[in-house]
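Below: model.cif (mmCIF, C-alpha atoms)
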data_work
loop_
_atom_site.label_atom_id
_atom_site.label_comp_id
_atom_site.auth_asym_id
_atom_site.auth_seq_id
_atom_site.Cartn_x
_atom_site.Cartn_y
_atom_site.Cartn_z
CA MET A 987 111.38 107.98 95.88
CA SER A 988 108.94 109.58 98.27
CA ASP A 989 111.27 111.57 100.49
CA ARG A 990 109.75 114.97 100.95
CA GLU A 991 112.23 116.72 103.21
CA THR A 992 115.14 117.89 101.15
CA PRO A 993 117.90 120.22 102.28
CA TRP A 994 117.90 122.02 98.95
CA ASP A 995 116.67 125.56 98.56
CA LEU A 996 116.46 126.30 94.86
CA THR A 997 115.14 129.85 95.24
CA ASP A 998 116.80 132.20 92.74
CA GLN A 999 118.81 129.30 91.34
CA ILE A 1000 118.98 128.45 87.66
CA LEU A 1001 117.71 124.97 86.86
CA HIS A 1002 118.77 123.09 83.76
CA PHE A 1003 116.30 120.98 81.82
CA PRO A 1004 118.46 119.78 78.90
CA GLU A 1005 115.52 118.25 77.01
CA GLY A 1006 113.23 121.24 77.51
CA LEU A 1007 109.66 120.68 78.65
CA PRO A 1008 106.80 119.02 76.74
CA GLY A 1009 105.34 121.93 74.75
CA PHE A 1010 108.46 124.02 75.31
CA PRO A 1011 111.33 121.93 73.93
CA HIS A 1012 113.50 125.00 73.28
CA LEU A 1013 113.42 126.23 76.89
CA VAL A 1014 116.17 124.57 78.89
CA ARG A 1015 117.03 127.00 81.68
CA PHE A 1016 114.61 128.20 84.33
CA VAL A 1017 114.92 130.33 87.41
CA VAL A 1018 112.90 129.61 90.55
CA ALA A 1019 111.31 132.50 92.45
CA GLU A 1020 109.62 132.20 95.81
CA LEU A 1021 106.01 133.41 95.73
CA VAL A 1022 104.77 133.32 99.31
CA GLU A 1023 106.31 133.26 102.74
CA ASP A 1024 105.61 129.63 103.51
CA GLY A 1025 107.40 128.47 100.39
CA ALA A 1026 104.62 126.18 99.18
CA PHE A 1027 104.30 127.85 95.79
CA GLN A 1028 107.08 128.98 93.56
CA GLU A 1029 107.40 130.39 90.10
CA LEU A 1030 109.39 128.69 87.37
CA ARG A 1031 110.41 131.28 84.78
CA SER A 1032 112.27 130.63 81.55
CA VAL A 1033 115.67 132.27 81.24
CA GLU A 1034 115.55 132.11 77.43
CA ASP A 1035 112.02 133.54 77.23
CA PRO A 1036 111.24 135.48 80.41
CA GLU A 1037 107.61 135.91 79.28
CA THR A 1038 107.11 132.18 79.84
CA ALA A 1039 106.49 131.15 83.43
CA MET A 1040 104.35 128.76 85.41
CA ILE A 1041 103.49 128.42 89.05
CA VAL A 1042 104.70 125.22 90.69
CA CYS A 1043 104.17 123.68 94.08
CA VAL A 1044 105.37 120.95 96.38
CA PRO A 1045 102.78 118.19 95.80
CA TRP A 1046 102.85 116.67 99.30
CA LEU A 1047 101.27 119.71 100.89
CA PHE A 1048 98.01 118.76 99.18
CA PHE A 1049 98.59 115.07 98.38
CA PRO A 1050 100.57 113.55 101.26
CA ASP A 1051 100.41 110.06 99.73
CA TYR A 1052 101.77 111.13 96.34
CA ALA A 1053 104.59 108.75 95.43
CA PRO A 1054 105.95 109.34 91.93
CA VAL A 1055 108.21 106.55 90.74
CA VAL A 1056 111.41 107.92 89.26
CA ALA A 1057 112.59 105.32 86.74
CA ASP A 1058 116.14 104.00 87.05
CA GLU A 1059 117.14 105.69 83.78
CA ASP A 1060 115.87 109.03 85.03
CA GLN A 1061 117.69 108.59 88.34
CA GLN A 1062 120.92 107.77 86.51
CA ASP A 1063 120.57 110.53 83.93
CA LEU A 1064 119.93 113.09 86.65
CA GLY A 1065 122.67 111.69 88.89
CA LEU A 1066 120.26 111.04 91.76
CA GLU A 1067 122.25 108.93 94.16
CA THR A 1068 119.92 109.17 97.13
CA ALA A 1069 116.31 110.22 97.65
CA GLU A 1070 117.63 113.34 99.37
CA ASP A 1071 119.17 114.53 96.10
CA ALA A 1072 115.74 114.90 94.50
CA VAL A 1073 113.56 117.99 94.62
CA VAL A 1074 110.04 117.35 93.32
CA PHE A 1075 107.45 119.94 92.34
CA VAL A 1076 104.42 119.97 90.05
CA PRO A 1077 102.76 122.50 87.70
CA VAL A 1078 99.82 124.54 89.00
CA THR A 1079 97.05 125.46 86.56
CA VAL A 1080 93.81 127.39 86.80
CA ASP A 1081 91.47 125.29 84.66
CA GLY A 1082 88.08 125.23 83.07
CA GLU A 1083 85.07 127.49 83.39
CA ALA A 1084 85.05 127.12 87.15
CA ARG A 1085 88.67 128.34 87.22
CA GLN A 1086 89.57 125.46 89.49
CA VAL A 1087 93.14 125.38 90.77
CA THR A 1088 94.70 122.03 89.86
CA LEU A 1089 98.03 120.27 90.22
CA ASN A 1090 99.54 118.18 87.44
CA LEU A 1091 100.48 114.96 89.23
CA LEU A 1092 101.08 113.12 85.94
CA GLY A 1093 103.99 115.36 84.96
CA PRO A 1094 106.12 116.19 88.03
CA PHE A 1095 109.44 117.98 87.81
CA VAL A 1096 112.37 116.20 89.39
CA VAL A 1097 115.52 118.21 89.97
CA ASN A 1098 118.85 117.10 91.38
CA GLY A 1099 119.41 119.59 94.20
CA ARG A 1100 123.18 119.20 93.97
CA THR A 1101 123.56 119.73 90.21
CA ARG A 1102 120.29 121.64 89.62
CA ARG A 1103 119.71 119.48 86.60
CA GLY A 1104 116.16 118.33 86.09
CA ARG A 1105 113.55 116.75 83.91
CA GLN A 1106 109.79 116.77 83.70
CA LEU A 1107 108.67 113.18 84.07
CA VAL A 1108 105.69 111.67 82.28
CA LEU A 1109 104.35 109.01 84.67
CA ALA A 1110 102.73 106.92 81.95
CA ASP A 1111 102.36 103.82 84.11
CA SER A 1112 100.72 105.63 87.02
CA ASP A 1113 97.11 106.59 87.52
CA TYR A 1114 98.01 110.10 88.57
CA PRO A 1115 95.76 112.76 87.05
CA VAL A 1116 96.98 115.63 84.93
CA ARG A 1117 94.46 117.86 86.75
CA ALA A 1118 94.08 117.15 90.47
CA PRO A 1119 91.85 119.83 92.06
CA ILE A 1120 93.05 121.52 95.23
CA GLU A 1121 91.35 123.87 97.63
CA LEU A 1122 93.29 126.91 98.72
CA PRO A 1123 92.48 128.25 102.16
CA SER A 1124 90.59 131.49 101.82
CA PHE A 1125 90.38 134.27 104.32
CA MET B 921 104.20 110.97 56.72
CA LEU B 922 106.32 108.04 55.64
CA VAL B 923 104.30 104.81 55.82
CA LEU B 924 106.06 101.44 55.85
CA SER B 925 104.75 97.89 56.07
CA ARG B 926 106.51 95.61 58.53
CA ARG B 927 105.95 92.07 59.76
CA GLU B 928 106.47 90.71 63.26
CA GLY B 929 110.16 90.72 64.11
CA GLU B 930 111.00 93.33 61.48
CA SER B 931 112.43 96.71 62.36
CA ILE B 932 112.77 100.30 61.27
CA VAL B 933 115.93 102.29 61.84
CA ILE B 934 115.69 106.04 62.46
CA GLY B 935 118.94 107.97 62.26
CA ASN B 936 121.99 106.14 63.52
CA ASP B 937 120.79 104.87 66.82
CA ILE B 938 117.01 104.45 67.04
CA VAL B 939 115.54 101.05 66.20
CA ILE B 940 111.82 100.32 66.32
CA THR B 941 110.82 96.67 66.15
CA VAL B 942 107.37 95.19 65.65
CA VAL B 943 107.32 92.60 68.42
CA GLU B 944 103.80 91.24 68.05
CA VAL B 945 100.63 91.89 66.06
CA LYS B 946 97.53 90.53 67.71
CA GLY B 947 93.84 91.45 67.82
CA GLY B 948 94.19 94.96 66.41
CA GLN B 949 97.11 95.75 68.69
CA VAL B 950 100.73 96.14 67.76
CA ARG B 951 103.45 95.67 70.37
CA VAL B 952 106.45 97.76 69.53
CA GLY B 953 109.98 97.59 70.91
CA ILE B 954 112.07 100.74 70.90
CA LYS B 955 115.83 101.01 71.21
CA ALA B 956 116.94 104.60 71.58
CA PRO B 957 119.79 106.53 73.20
CA ARG B 958 119.10 107.49 76.80
CA ASP B 959 118.73 111.18 76.03
CA VAL B 960 115.81 110.46 73.70
CA GLN B 961 112.61 110.42 75.72
CA VAL B 962 110.08 107.86 74.51
CA HIS B 963 106.44 108.30 75.52
CA ARG B 964 103.01 107.09 74.55
CA GLU B 965 101.73 109.95 72.46
CA GLU B 966 98.41 110.50 74.26
CA ILE B 967 100.05 110.67 77.70
CA PHE B 968 102.81 112.98 76.49
CA GLU B 969 100.14 115.12 74.83
CA GLN B 970 98.25 115.48 78.14
CA VAL B 971 101.37 116.77 79.86
CA ARG B 972 102.20 119.03 76.91
CA ARG B 973 98.72 120.58 76.92
CA GLN B 974 98.75 120.99 80.68
CA ASN B 975 102.10 122.79 80.48
CA MET B 976 100.61 125.19 77.92
CA ALA B 977 97.59 125.69 80.21
CA ALA B 978 99.86 126.24 83.24
CA VAL B 979 101.81 128.92 81.36
CA ALA B 980 98.63 130.51 79.98
CA SER B 981 97.04 130.68 83.44
CA ALA B 982 100.22 131.65 85.34
CA ASP B 983 98.91 135.13 86.22
CA GLU B 984 95.63 133.69 87.51
CA ALA B 985 97.45 130.97 89.43
CA ARG B 986 99.85 133.51 90.92
CA ALA B 987 96.87 135.59 92.09
CA ALA B 988 95.07 132.51 93.44
CA VAL B 989 97.98 131.27 95.52
CA SER B 990 98.88 134.77 96.67
CA ARG B 991 95.45 135.07 98.28
CA ARG B 992 96.68 132.68 100.93
CA PRO B 993 96.96 134.19 104.39
CA ASP B 994 99.98 136.43 104.57
CA THR B 995 100.53 138.05 107.94
CA ARG B 996 102.67 140.81 106.55
CA ARG B 997 99.79 142.12 104.51
CA SER B 998 97.56 142.73 107.50
CA ASP B 999 100.19 144.90 109.19
CA PRO B 1000 99.09 148.52 109.14
CA ARG B 1001 101.64 150.63 107.39
#
Spell out the structure here as structure tokens.
Amino acid sequence: MSDRETPWDLTDQILHFPEGLPGFPHLVRFVVAELVEDGAFQELRSVEDPETAMIVCVPWLFFPDYAPVVADEDQQDLGLETAEDAVVFVPVTVDGEARQVTLNLLGPFVVNGRTRRGRQLVLADSDYPVRAPIELPSF
Amino acid sequence: MLVLSRREGESIVIGNDIVITVVEVKGGQVRVGIKAPRDVQVHREEIFEQVRRQNMAAVASADEARAAVSRRPDTRRSDPR
């Protein structure tokens, strides 16, 4: 499932993650807020605990070859019938002493754009890093 | 923690619908089979832990990350008001 053009705009929509997220098992509803004009980065904020938020981003902007494999069970559970149903984004972190901006390619979010139901995958059989450094254009 | 001894081919039942079977014991490694309902996510602990920690770090650094990505060129900002 590597389709990167999806017709879904999830801005201001409530997403449902029935199992919660690793580290936040009690948080199951999140709202997506657009951060910048070009739509590359968004904010995922918990509905249950509005103090809890993370920045997320479309991975292919920085890693065009990124190809997360969505297991059959995940596809079925999320009701993903075609690649176009899936919206994929990854957590953004500022890490370490150097305060490097990284993307978590090991744990992508996959959301069904039709049902807005999603899950954070753990790509155990991939070699994708949990901290992939990116460079942001400066001005 | 409950500790049980099991031989190859023997199982442990957790709740009504989770069965863990010792498939093979060889050279310090144990191969384990897991039967669980589909809504129970099963992960290798160390991989799950990496994602869990990174989620905590992403939430903890959300303000910094928001500032970092907001520094991207934004034409509106250069408009004189």
I need the chain B residues near chain A as a list of chain:residue names; criterion: at most 6 Å, counting all atoms listed in the file.
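Written out as asked, the residues are B:Val971, B:Arg972, B:Ala978, B:Val979, B:Ser981, B:Ala982, B:Ala985.
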Tell me which residues come within 12 Å of (116.8, 125.9, 80.7), as a ChimeraX atom specification, counting all atoms listed in the file in the file's coordinates.
/A:999-1007,1010-1018,1030-1036,1038-1039,1102-1106
What's the 8 Å shell around region 949-966 of chain B, counting only C-alpha atoms, without same-chain residues fewer than 2 positions away, as a ChimeraX atom specification?
/A:1005,1059,1063,1108,1110 /B:937-947,968-970
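Interatomic distance, CA of Thr1101 (chain A) against CA of Phe1049 (chain A): 26.7 Å.
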